[in-house]
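The file run-v4.pdb contains PDB, C-alpha atoms:
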```
MODEL        1
ATOM      1  CA  MET A 228      83.968 135.595  97.538
ATOM      2  CA  ARG A 229      84.968 138.499  99.782
ATOM      3  CA  ASN A 230      88.389 138.386 101.440
ATOM      4  CA  ASP A 231      86.916 137.820 104.912
ATOM      5  CA  GLU A 232      85.075 134.726 103.626
ATOM      6  CA  PHE A 233      88.289 133.466 102.042
ATOM      7  CA  TYR A 234      90.214 134.030 105.274
ATOM      8  CA  GLU A 235      87.502 132.253 107.263
ATOM      9  CA  ALA A 236      87.726 129.225 104.964
ATOM     10  CA  ILE A 237      91.509 129.125 105.432
ATOM     11  CA  LYS A 238      91.150 129.351 109.210
ATOM     12  CA  ASN A 239      88.442 126.692 109.404
ATOM     13  CA  ARG A 240      90.345 124.125 107.353
ATOM     14  CA  ARG A 241      91.398 121.660 110.033
ATOM     15  CA  SER A 242      92.097 117.934 110.364
ATOM     16  CA  ILE A 243      88.768 116.364 111.328
ATOM     17  CA  TYR A 244      88.852 112.690 112.307
ATOM     18  CA  GLY A 245      85.328 112.289 113.709
ATOM     19  CA  ILE A 246      83.371 111.881 110.462
ATOM     20  CA  GLY A 247      80.241 110.057 109.303
ATOM     21  CA  ASP A 248      78.638 108.938 106.059
ATOM     22  CA  GLU A 249      75.570 111.183 106.059
ATOM     23  CA  GLU A 250      75.014 112.802 102.654
ATOM     24  CA  ILE A 251      75.072 116.487 103.546
ATOM     25  CA  VAL A 252      76.679 117.333 100.190
ATOM     26  CA  SER A 253      75.739 115.520  97.007
ATOM     27  CA  GLN A 254      78.248 113.317  95.228
ATOM     28  CA  GLU A 255      77.744 115.476  92.142
ATOM     29  CA  ASN A 256      78.705 118.613  94.054
ATOM     30  CA  ILE A 257      81.850 116.993  95.436
ATOM     31  CA  GLU A 258      82.758 115.741  91.969
ATOM     32  CA  GLU A 259      82.350 119.294  90.659
ATOM     33  CA  ILE A 260      84.668 120.642  93.390
ATOM     34  CA  VAL A 261      87.343 118.070  92.589
ATOM     35  CA  LYS A 262      87.198 118.624  88.835
ATOM     36  CA  TYR A 263      87.304 122.401  89.235
ATOM     37  CA  ALA A 264      90.348 122.179  91.509
ATOM     38  CA  VAL A 265      92.186 119.745  89.231
ATOM     39  CA  LYS A 266      91.553 122.048  86.268
ATOM     40  CA  HIS A 267      92.620 125.322  87.872
ATOM     41  CA  VAL A 268      95.356 124.545  90.431
ATOM     42  CA  PRO A 269      98.730 125.668  89.017
ATOM     43  CA  SER A 270     101.542 123.353  88.004
ATOM     44  CA  ALA A 271     105.118 123.918  86.837
ATOM     45  CA  PHE A 272     105.310 124.640  83.097
ATOM     46  CA  ASN A 273     101.521 124.073  83.075
ATOM     47  CA  SER A 274     102.364 120.371  83.191
ATOM     48  CA  GLN A 275      98.973 119.414  84.696
ATOM     49  CA  SER A 276     100.516 116.313  86.276
ATOM     50  CA  GLY A 277      97.938 115.951  89.075
ATOM     51  CA  ARG A 278      95.630 112.941  88.982
ATOM     52  CA  VAL A 279      92.710 112.258  91.329
ATOM     53  CA  ILE A 280      90.473 109.280  92.083
ATOM     54  CA  LEU A 281      87.200 109.992  93.917
ATOM     55  CA  LEU A 282      85.645 107.092  95.831
ATOM     56  CA  PHE A 283      82.152 106.780  97.311
ATOM     57  CA  GLY A 284      80.114 104.004  98.891
ATOM     58  CA  GLU A 285      81.530 100.501  98.581
ATOM     59  CA  GLU A 286      84.492 101.784  96.564
ATOM     60  CA  HIS A 287      85.410 104.048  99.477
ATOM     61  CA  ASN A 288      85.023 101.141 101.925
ATOM     62  CA  LYS A 289      87.160  98.938  99.696
ATOM     63  CA  LEU A 290      90.074 101.373  99.965
ATOM     64  CA  TRP A 291      90.081 101.276 103.757
ATOM     65  CA  ASP A 292      89.695  97.472 103.712
ATOM     66  CA  ILE A 293      92.863  97.337 101.612
ATOM     67  CA  CYS A 294      94.588  99.665 104.050
ATOM     68  CA  GLU A 295      93.518  97.651 107.098
ATOM     69  CA  ASP A 296      94.618  94.350 105.523
ATOM     70  CA  SER A 297      98.002  95.877 104.636
ATOM     71  CA  LEU A 298      98.505  97.195 108.161
ATOM     72  CA  ARG A 299      97.640  93.822 109.695
ATOM     73  CA  LYS A 300     100.730  92.425 107.991
ATOM     74  CA  ILE A 301     103.086  94.811 109.770
ATOM     75  CA  VAL A 302     101.419  95.800 113.072
ATOM     76  CA  PRO A 303     101.626  93.236 115.930
ATOM     77  CA  GLU A 304      98.241  91.709 116.750
ATOM     78  CA  ASP A 305      98.384  92.800 120.383
ATOM     79  CA  LYS A 306      98.832  96.420 119.266
ATOM     80  CA  PHE A 307      96.401  96.412 116.368
ATOM     81  CA  ALA A 308      93.278  97.612 118.200
ATOM     82  CA  SER A 309      94.173 101.316 118.025
ATOM     83  CA  THR A 310      95.182 100.985 114.362
ATOM     84  CA  GLU A 311      91.914  99.244 113.552
ATOM     85  CA  GLU A 312      89.970 101.989 115.333
ATOM     86  CA  LYS A 313      91.768 104.643 113.311
ATOM     87  CA  ILE A 314      91.038 102.922 109.982
ATOM     88  CA  ASP A 315      87.410 102.355 111.031
ATOM     89  CA  GLY A 316      87.176 106.114 111.555
ATOM     90  CA  PHE A 317      88.240 106.786 107.972
ATOM     91  CA  ARG A 318      85.980 104.021 106.647
ATOM     92  CA  SER A 319      82.996 105.527 108.469
ATOM     93  CA  GLY A 320      83.205 108.635 106.265
ATOM     94  CA  TYR A 321      81.267 109.532 103.140
ATOM     95  CA  GLY A 322      84.119 109.239 100.647
ATOM     96  CA  THR A 323      87.825 109.497  99.921
ATOM     97  CA  VAL A 324      89.912 111.499  97.486
ATOM     98  CA  LEU A 325      93.098 109.790  96.273
ATOM     99  CA  PHE A 326      95.910 112.007  94.970
ATOM    100  CA  PHE A 327      98.505 110.940  92.412
ATOM    101  CA  GLU A 328     101.125 112.523  90.184
ATOM    102  CA  GLU A 329     101.642 111.351  86.597
ATOM    103  CA  MET A 330     105.381 110.657  86.561
ATOM    104  CA  GLU A 331     105.590 110.237  82.785
ATOM    105  CA  ILE A 332     104.908 113.975  82.538
ATOM    106  CA  VAL A 333     107.488 114.799  85.214
ATOM    107  CA  GLU A 334     110.128 112.599  83.585
ATOM    108  CA  SER A 335     109.381 114.048  80.152
ATOM    109  CA  LEU A 336     109.981 117.554  81.488
ATOM    110  CA  GLN A 337     113.233 116.403  83.061
ATOM    111  CA  GLU A 338     114.385 115.208  79.647
ATOM    112  CA  GLN A 339     113.247 118.364  77.850
ATOM    113  CA  PHE A 340     114.774 120.762  80.379
ATOM    114  CA  PRO A 341     117.804 119.008  81.922
ATOM    115  CA  THR A 342     118.931 122.212  83.663
ATOM    116  CA  TYR A 343     115.877 121.946  85.913
ATOM    117  CA  ALA A 344     115.742 118.153  86.088
ATOM    118  CA  ASP A 345     116.206 117.938  89.864
ATOM    119  CA  ASN A 346     113.463 120.509  90.425
ATOM    120  CA  PHE A 347     110.614 118.875  88.541
ATOM    121  CA  PRO A 348     109.817 116.222  91.198
ATOM    122  CA  VAL A 349     109.844 118.994  93.813
ATOM    123  CA  TRP A 350     107.557 121.179  91.729
ATOM    124  CA  SER A 351     105.297 118.171  91.178
ATOM    125  CA  ASP A 352     104.963 117.723  94.939
ATOM    126  CA  GLN A 353     104.301 121.433  95.399
ATOM    127  CA  SER A 354     101.526 121.374  92.803
ATOM    128  CA  SER A 355     100.005 118.295  94.445
ATOM    129  CA  GLY A 356     100.136 120.055  97.811
ATOM    130  CA  MET A 357      98.240 123.018  96.378
ATOM    131  CA  LEU A 358      95.653 120.669  94.865
ATOM    132  CA  GLN A 359      95.180 118.903  98.196
ATOM    133  CA  TYR A 360      94.806 122.225  99.991
ATOM    134  CA  VAL A 361      92.265 123.634  97.544
ATOM    135  CA  ILE A 362      90.088 120.509  97.646
ATOM    136  CA  TRP A 363      90.407 120.270 101.438
ATOM    137  CA  THR A 364      89.392 123.911 101.927
ATOM    138  CA  ALA A 365      86.542 123.659  99.415
ATOM    139  CA  LEU A 366      85.148 120.558 101.131
ATOM    140  CA  GLU A 367      85.404 122.329 104.500
ATOM    141  CA  LYS A 368      83.469 125.261 103.014
ATOM    142  CA  GLU A 369      80.675 122.771 102.229
ATOM    143  CA  GLY A 370      80.562 121.737 105.902
ATOM    144  CA  LEU A 371      82.508 118.481 105.571
ATOM    145  CA  GLY A 372      85.170 117.156 107.926
ATOM    146  CA  VAL A 373      88.410 116.205 106.184
ATOM    147  CA  SER A 374      91.859 114.837 107.010
ATOM    148  CA  LEU A 375      94.920 113.891 104.976
ATOM    149  CA  GLN A 376      96.551 110.459 105.241
ATOM    150  CA  HIS A 377      99.704 108.888 103.790
ATOM    151  CA  TYR A 378      99.553 105.093 103.557
ATOM    152  CA  ASN A 379     101.112 105.279 100.105
ATOM    153  CA  GLU A 380     103.783 102.575 100.088
ATOM    154  CA  LEU A 381     101.575 100.093 101.939
ATOM    155  CA  ILE A 382      98.633 100.220  99.566
ATOM    156  CA  VAL A 383      99.734 101.640  96.222
ATOM    157  CA  ASP A 384     100.163  98.309  94.399
ATOM    158  CA  GLU A 385      96.762  96.980  95.445
ATOM    159  CA  VAL A 386      95.099 100.316  94.735
ATOM    160  CA  LYS A 387      96.501 100.394  91.205
ATOM    161  CA  GLU A 388      95.390  96.830  90.623
ATOM    162  CA  GLU A 389      91.910  97.316  92.100
ATOM    163  CA  TRP A 390      91.087 100.433  90.085
ATOM    164  CA  ASP A 391      93.224  99.608  87.037
ATOM    165  CA  LEU A 392      95.453 102.676  87.326
ATOM    166  CA  PRO A 393      98.579 103.338  85.244
ATOM    167  CA  GLU A 394     101.882 102.215  86.728
ATOM    168  CA  SER A 395     103.249 105.717  86.095
ATOM    169  CA  TRP A 396     100.871 107.275  88.640
ATOM    170  CA  ARG A 397     102.741 107.977  91.880
ATOM    171  CA  MET A 398     100.461 107.903  94.913
ATOM    172  CA  VAL A 399     100.753 111.025  97.074
ATOM    173  CA  ALA A 400      97.948 111.012  99.673
ATOM    174  CA  GLN A 401      94.500 109.838 100.762
ATOM    175  CA  MET A 402      91.814 112.294 101.911
ATOM    176  CA  PRO A 403      88.808 110.777 103.739
ATOM    177  CA  PHE A 404      85.862 113.110 104.303
ATOM    178  CA  GLY A 405      82.356 113.084 105.772
ATOM    179  CA  ASN A 406      79.856 114.951 107.886
ATOM    180  CA  ILE A 407      81.419 116.233 111.093
ATOM    181  CA  ILE A 408      80.654 114.166 114.187
ATOM    182  CA  GLU A 409      83.407 115.580 116.380
ATOM    183  CA  GLY A 410      85.231 118.829 115.692
ATOM    184  CA  PRO A 411      88.910 119.597 116.262
ATOM    185  CA  GLY A 412      90.477 120.836 119.476
ATOM    186  CA  GLU A 413      92.062 124.213 120.013
ATOM    187  CA  LYS A 414      95.061 124.986 117.836
ATOM    188  CA  GLU A 415      98.164 126.662 119.216
ATOM    189  CA  PHE A 416     100.192 129.078 117.136
ATOM    190  CA  GLU A 417     103.805 130.190 117.265
ATOM    191  CA  PRO A 418     104.179 133.992 117.449
ATOM    192  CA  ILE A 419     103.765 135.215 113.879
ATOM    193  CA  GLU A 420     106.781 137.520 114.335
ATOM    194  CA  LYS A 421     109.007 134.414 114.533
ATOM    195  CA  ARG A 422     107.646 133.125 111.239
ATOM    196  CA  VAL A 423     107.288 136.204 109.046
ATOM    197  CA  LYS A 424     109.887 138.901 108.418
ATOM    198  CA  VAL A 425     108.941 142.103 106.589
ATOM    199  CA  PHE A 426     111.523 144.519 105.182
ATOM    200  CA  LYS A 427     110.456 147.929 103.863
TER     201      LYS A 427
ENDMDL
END
```
Have the structure of the file written as C-alpha coordinates, please.
Amino acid sequence: MRNDEFYEAIKNRRSIYGIGDEEIVSQENIEEIVKYAVKHVPSAFNSQSGRVILLFGEEHNKLWDICEDSLRKIVPEDKFASTEEKIDGFRSGYGTVLFFEEMEIVESLQEQFPTYADNFPVWSDQSSGMLQYVIWTALEKEGLGVSLQHYNELIVDEVKEEWDLPESWRMVAQMPFGNIIEGPGEKEFEPIEKRVKVFK
(Lines of atoms letter the chains of each structure in order from A and count residues from 1; the text may use other names and numbers.)
(Lines give C-alpha, C1' and ligand atoms only; values in the text may rest on other atoms or scores of the structure.)
Protein backbone atom coordinates (compact mmCIF):
# COMPACT_ATOMS: atom_id res chain seq x y z
CA MET A 1 0.00 0.00 0.00
CA ARG A 2 1.42 3.39 -0.98
CA ASN A 3 1.54 6.12 1.67
CA ASP A 4 -1.20 8.16 -0.01
CA GLU A 5 -3.55 5.14 0.15
CA PHE A 6 -2.68 4.66 3.82
CA TYR A 7 -3.33 8.34 4.55
CA GLU A 8 -6.64 8.18 2.68
CA ALA A 9 -7.74 5.20 4.78
CA ILE A 10 -6.86 7.10 7.97
CA LYS A 11 -8.79 10.16 6.81
CA ASN A 12 -11.85 8.18 5.73
CA ARG A 13 -12.18 6.27 8.99
CA ARG A 14 -15.21 7.95 10.54
CA SER A 15 -18.09 7.07 12.85
CA ILE A 16 -20.90 5.89 10.57
CA TYR A 17 -24.28 5.31 12.20
CA GLY A 18 -26.46 4.87 9.10
CA ILE A 19 -25.69 1.22 8.27
CA GLY A 20 -27.51 -1.72 6.70
CA ASP A 21 -27.18 -5.49 6.51
CA GLU A 22 -26.39 -5.88 2.81
CA GLU A 23 -23.50 -8.29 2.24
CA ILE A 24 -21.05 -6.10 0.35
CA VAL A 25 -18.10 -7.88 1.99
CA SER A 26 -18.15 -11.60 2.69
CA GLN A 27 -18.14 -12.89 6.24
CA GLU A 28 -14.97 -14.81 5.39
CA ASN A 29 -13.21 -11.62 4.33
CA ILE A 30 -14.21 -9.82 7.52
CA GLU A 31 -13.08 -12.80 9.58
CA GLU A 32 -9.72 -12.67 7.79
CA ILE A 33 -9.36 -8.94 8.59
CA VAL A 34 -10.11 -9.50 12.27
CA LYS A 35 -7.74 -12.45 12.62
CA TYR A 36 -4.95 -10.61 10.83
CA ALA A 37 -5.35 -7.57 13.08
CA VAL A 38 -5.48 -9.64 16.27
CA LYS A 39 -2.30 -11.45 15.22
CA HIS A 40 -0.23 -8.42 14.24
CA VAL A 41 -1.33 -5.49 16.44
CA PRO A 42 1.38 -4.84 19.07
CA SER A 43 0.98 -5.42 22.79
CA ALA A 44 3.18 -4.70 25.81
CA PHE A 45 5.79 -7.43 26.37
CA ASN A 46 4.15 -9.22 23.41
CA SER A 47 1.44 -10.21 25.88
CA GLN A 48 -1.19 -10.73 23.14
CA SER A 49 -3.97 -10.00 25.63
CA GLY A 50 -6.56 -8.88 23.04
CA ARG A 51 -9.61 -11.07 22.52
CA VAL A 52 -12.32 -10.60 19.89
CA ILE A 53 -15.77 -12.05 19.25
CA LEU A 54 -17.22 -11.60 15.75
CA LEU A 55 -21.01 -11.78 15.43
CA PHE A 56 -23.15 -12.11 12.29
CA GLY A 57 -26.82 -12.72 11.57
CA GLU A 58 -28.96 -13.75 14.52
CA GLU A 59 -25.94 -13.71 16.84
CA HIS A 60 -25.41 -10.05 15.96
CA ASN A 61 -29.11 -9.31 16.53
CA LYS A 62 -28.99 -11.13 19.86
CA LEU A 63 -26.29 -8.77 21.13
CA TRP A 64 -28.36 -5.68 20.42
CA ASP A 65 -31.46 -7.35 21.93
CA ILE A 66 -29.45 -7.83 25.12
CA CYS A 67 -28.35 -4.21 24.99
CA GLU A 68 -31.89 -2.92 24.43
CA ASP A 69 -33.31 -5.05 27.27
CA SER A 70 -30.56 -3.80 29.61
CA LEU A 71 -31.22 -0.17 28.70
CA ARG A 72 -34.96 -0.57 29.27
CA LYS A 73 -34.18 -1.25 32.92
CA ILE A 74 -32.49 2.11 33.44
CA VAL A 75 -33.99 4.54 30.88
CA PRO A 76 -37.45 5.99 31.72
CA GLU A 77 -40.16 4.68 29.39
CA ASP A 78 -41.17 8.16 28.27
CA LYS A 79 -37.59 8.83 27.14
CA PHE A 80 -36.84 5.44 25.64
CA ALA A 81 -37.86 6.14 22.04
CA SER A 82 -34.56 7.80 21.06
CA THR A 83 -32.57 5.06 22.81
CA GLU A 84 -34.55 2.37 21.01
CA GLU A 85 -33.95 4.11 17.68
CA LYS A 86 -30.22 4.21 18.35
CA ILE A 87 -30.05 0.49 19.21
CA ASP A 88 -32.20 -0.35 16.18
CA GLY A 89 -29.59 1.45 14.07
CA PHE A 90 -26.84 -0.81 15.37
CA ARG A 91 -29.03 -3.91 15.03
CA SER A 92 -29.76 -3.04 11.39
CA GLY A 93 -26.08 -3.57 10.52
CA TYR A 94 -24.34 -6.59 9.06
CA GLY A 95 -22.35 -7.60 12.13
CA THR A 96 -20.58 -6.58 15.32
CA VAL A 97 -17.06 -6.96 16.63
CA LEU A 98 -16.75 -7.32 20.42
CA PHE A 99 -13.42 -6.38 22.02
CA PHE A 100 -12.08 -7.84 25.26
CA GLU A 101 -8.83 -7.99 27.18
CA GLU A 102 -7.69 -11.20 28.90
CA MET A 103 -7.03 -9.96 32.44
CA GLU A 104 -5.30 -13.16 33.57
CA ILE A 105 -2.44 -12.19 31.25
CA VAL A 106 -2.39 -8.61 32.52
CA GLU A 107 -2.42 -9.72 36.16
CA SER A 108 0.30 -12.30 35.51
CA LEU A 109 2.54 -9.59 34.08
CA GLN A 110 1.84 -7.41 37.10
CA GLU A 111 3.07 -10.22 39.33
CA GLN A 112 6.14 -10.94 37.21
CA PHE A 113 7.18 -7.30 36.86
CA PRO A 114 5.95 -5.46 39.98
CA THR A 115 7.91 -2.32 39.07
CA TYR A 116 5.54 -1.82 36.13
CA ALA A 117 2.42 -3.20 37.80
CA ASP A 118 0.40 0.02 37.55
CA ASN A 119 1.26 0.36 33.86
CA PHE A 120 0.06 -3.00 32.58
CA PRO A 121 -3.68 -2.16 32.64
CA VAL A 122 -2.87 1.09 30.82
CA TRP A 123 -0.78 -0.72 28.23
CA SER A 124 -3.58 -3.27 27.85
CA ASP A 125 -6.02 -0.48 27.03
CA GLN A 126 -3.55 1.07 24.59
CA SER A 127 -3.11 -2.23 22.77
CA SER A 128 -6.89 -2.69 22.61
CA GLY A 129 -7.24 0.82 21.21
CA MET A 130 -4.75 0.01 18.46
CA LEU A 131 -6.62 -3.21 17.67
CA GLN A 132 -9.92 -1.34 17.45
CA TYR A 133 -8.38 1.28 15.18
CA VAL A 134 -6.78 -1.24 12.82
CA ILE A 135 -9.99 -3.26 12.44
CA TRP A 136 -12.08 -0.09 12.07
CA THR A 137 -9.79 1.31 9.36
CA ALA A 138 -9.57 -2.03 7.54
CA LEU A 139 -13.36 -2.38 7.49
CA GLU A 140 -13.66 1.19 6.19
CA LYS A 141 -11.19 0.31 3.43
CA GLU A 142 -13.62 -2.45 2.39
CA GLY A 143 -16.41 0.13 2.06
CA LEU A 144 -18.18 -0.61 5.35
CA GLY A 145 -19.62 1.91 7.79
CA VAL A 146 -18.42 1.44 11.36
CA SER A 147 -18.84 3.00 14.80
CA LEU A 148 -17.53 2.21 18.28
CA GLN A 149 -19.86 1.76 21.26
CA HIS A 150 -19.33 1.25 25.00
CA TYR A 151 -22.24 -0.48 26.73
CA ASN A 152 -19.77 -2.62 28.67
CA GLU A 153 -21.04 -2.59 32.25
CA LEU A 154 -24.68 -2.93 31.18
CA ILE A 155 -24.26 -6.04 29.08
CA VAL A 156 -21.03 -7.80 30.00
CA ASP A 157 -22.55 -10.42 32.33
CA GLU A 158 -25.23 -11.47 29.85
CA VAL A 159 -22.76 -11.44 26.97
CA LYS A 160 -20.39 -13.75 28.84
CA GLU A 161 -23.24 -16.07 29.71
CA GLU A 162 -24.74 -16.09 26.21
CA TRP A 163 -21.49 -16.88 24.41
CA ASP A 164 -19.85 -18.84 27.24
CA LEU A 165 -16.88 -16.50 27.62
CA PRO A 166 -14.26 -16.68 30.39
CA GLU A 167 -14.88 -14.54 33.46
CA SER A 168 -11.35 -13.14 33.07
CA TRP A 169 -12.23 -11.41 29.79
CA ARG A 170 -12.79 -7.69 30.40
CA MET A 171 -15.17 -6.15 27.89
CA VAL A 172 -13.76 -3.04 26.21
CA ALA A 173 -16.04 -2.05 23.30
CA GLN A 174 -18.63 -3.02 20.70
CA MET A 175 -18.16 -2.21 17.00
CA PRO A 176 -21.28 -2.53 14.79
CA PHE A 177 -20.67 -2.36 11.04
CA GLY A 178 -22.59 -2.60 7.76
CA ASN A 179 -23.03 -1.15 4.31
CA ILE A 180 -23.21 2.63 4.39
CA ILE A 181 -26.72 4.07 4.11
CA GLU A 182 -25.89 7.56 5.35
CA GLY A 183 -22.38 9.00 5.49
CA PRO A 184 -20.91 11.28 8.16
CA GLY A 185 -21.13 15.05 8.26
CA GLU A 186 -18.25 17.46 7.89
CA LYS A 187 -15.54 17.19 10.52
CA GLU A 188 -13.96 20.25 12.10
CA PHE A 189 -10.32 20.30 13.09
CA GLU A 190 -8.36 22.32 15.62
CA PRO A 191 -5.34 24.10 14.08
CA ILE A 192 -2.63 21.46 13.85
CA GLU A 193 -0.09 23.96 15.24
CA LYS A 194 -1.94 23.83 18.59
CA ARG A 195 -1.65 20.06 18.70
CA VAL A 196 1.82 19.29 17.35
CA LYS A 197 5.11 20.89 18.41
CA VAL A 198 8.29 20.23 16.43
CA PHE A 199 11.76 21.06 17.76
CA LYS A 200 14.80 20.86 15.48
**Request:** Run the PyMOL selection byres ((chain A and resi 279) around 6) against the file shown and list the residues it catches, as a list of chain:residue names.
**Result:**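 Taken on the displayed file, the PyMOL selection byres ((chain A and resi 279) around 6) yields the residues A:Arg278, A:Ile280, A:Leu325, A:Phe326.
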**Request:** I would like the residues chosen by the PyMOL selection byres ((chain A and resi 293-305) around 10) on the shown file; could you give them as a ChimeraX atom specification?
**Result:** /A:288-292,306-315,318,378-383,385-386,389
**Message:** Every residue with an atom at most 10 Å from (87.7, 120.9, 98.0) (file coordinates; all atoms listed in the file) is what I'm after, so could you write them as a VMD selection string?
**Reply:** chain A and resid 257 to 265 324 358 to 369 371 373
**Request:** Could you check which of A:Ser355, A:Asn230, A:Ser374, A:Ser319 is closest to A:His287, using all atoms listed in the file?
**Result:**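 The shortest atom-to-atom distance to A:His287 comes from A:Ser319.
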**Prompt:** Could you spell out the hits of the PyMOL selection byres ((chain A and resi 328) around 7) on the shown file, as a list in words?
**Reply:** Ser276, Gly277, Arg278, Phe327, Glu329, Met330, Trp396, Arg397 and Met398 of chain A
Just write the chosen residues, C-alpha atoms, as a PDB file, in the frame of the given file.
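And here is the file that came out, result_7.pdb:
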```pdb
ATOM      1  CA  SER A 276     100.516 116.313  86.276  1.00  0.00           C
ATOM      2  CA  GLY A 277      97.938 115.951  89.075  1.00  0.00           C
ATOM      3  CA  ARG A 278      95.630 112.941  88.982  1.00  0.00           C
ATOM      4  CA  PHE A 327      98.505 110.940  92.412  1.00  0.00           C
ATOM      5  CA  GLU A 329     101.642 111.351  86.597  1.00  0.00           C
ATOM      6  CA  MET A 330     105.381 110.657  86.561  1.00  0.00           C
ATOM      7  CA  TRP A 396     100.871 107.275  88.640  1.00  0.00           C
ATOM      8  CA  ARG A 397     102.741 107.977  91.880  1.00  0.00           C
ATOM      9  CA  MET A 398     100.461 107.903  94.913  1.00  0.00           C
TER      10      MET A 398
END
```
**Request:** Record the distance separating atom CA of A:Glu249 and atom CA of A:Leu282, expressed in Å with one decimal.
**Result:**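 Atom CA of A:Leu282 lies 14.9 Å from atom CA of A:Glu249.
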**Message:** Can you measure atom CA of A:Thr323 to atom CA of A:Gln254 for me? One decimal in Å is fine.
**Reply:**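 One can read the atom CA of A:Thr323 to atom CA of A:Gln254 distance as 11.3 Å.
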**Request:** Would you mind reading off the distance between atom CA of A:Glu250 and atom CA of A:His377, one decimal, in Å?
**Result:**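 Computing it gives 25.0 Å between the two atoms.
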**Request:** Go through A:Pro418, A:Pro341, A:Ser335, A:Ser354 one by one, measure the shortest atom-to-atom distance of each to A:Gln275 using all atoms listed in the file, and give the residue with the smallest value.
**Result:** A:Ser354
**Message:** From the options A:Asn273, A:Ile246, A:Asp391, A:Pro411, which residue's atoms come nearest to A:Phe347, counting all atoms listed in the file?
**Reply:**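 Looking only at the distances to A:Phe347, the closest residue turns out to be A:Asn273.
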**Request:** For the point (98.8, 126.3, 114.7) in the file's frame, write as a ChimeraX atom specification all residues with an atom no more than 12 Å away, counting all atoms listed in the file.
**Result:** /A:238-242,412-419,422
Would you compute, for all listed atoms of stretch 368-382 of chain A, the axis-aligned bounding box grown by 5 Å on each side, and then report its centre and edge lengths in Å rounded to one decimal, as lines of an AutoDock Vina configuration file?
```
center_x = 92.2
center_y = 112.7
center_z = 103.7
size_x = 33.2
size_y = 35.2
size_z = 18.4
```
**Message:** Which residue is closest to A:Gly316? Choose from A:Gly370, A:Gly245, A:Lys424, A:Gln401 and count all atoms listed in the file.
**Reply:**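 Closest candidate: A:Gly245.
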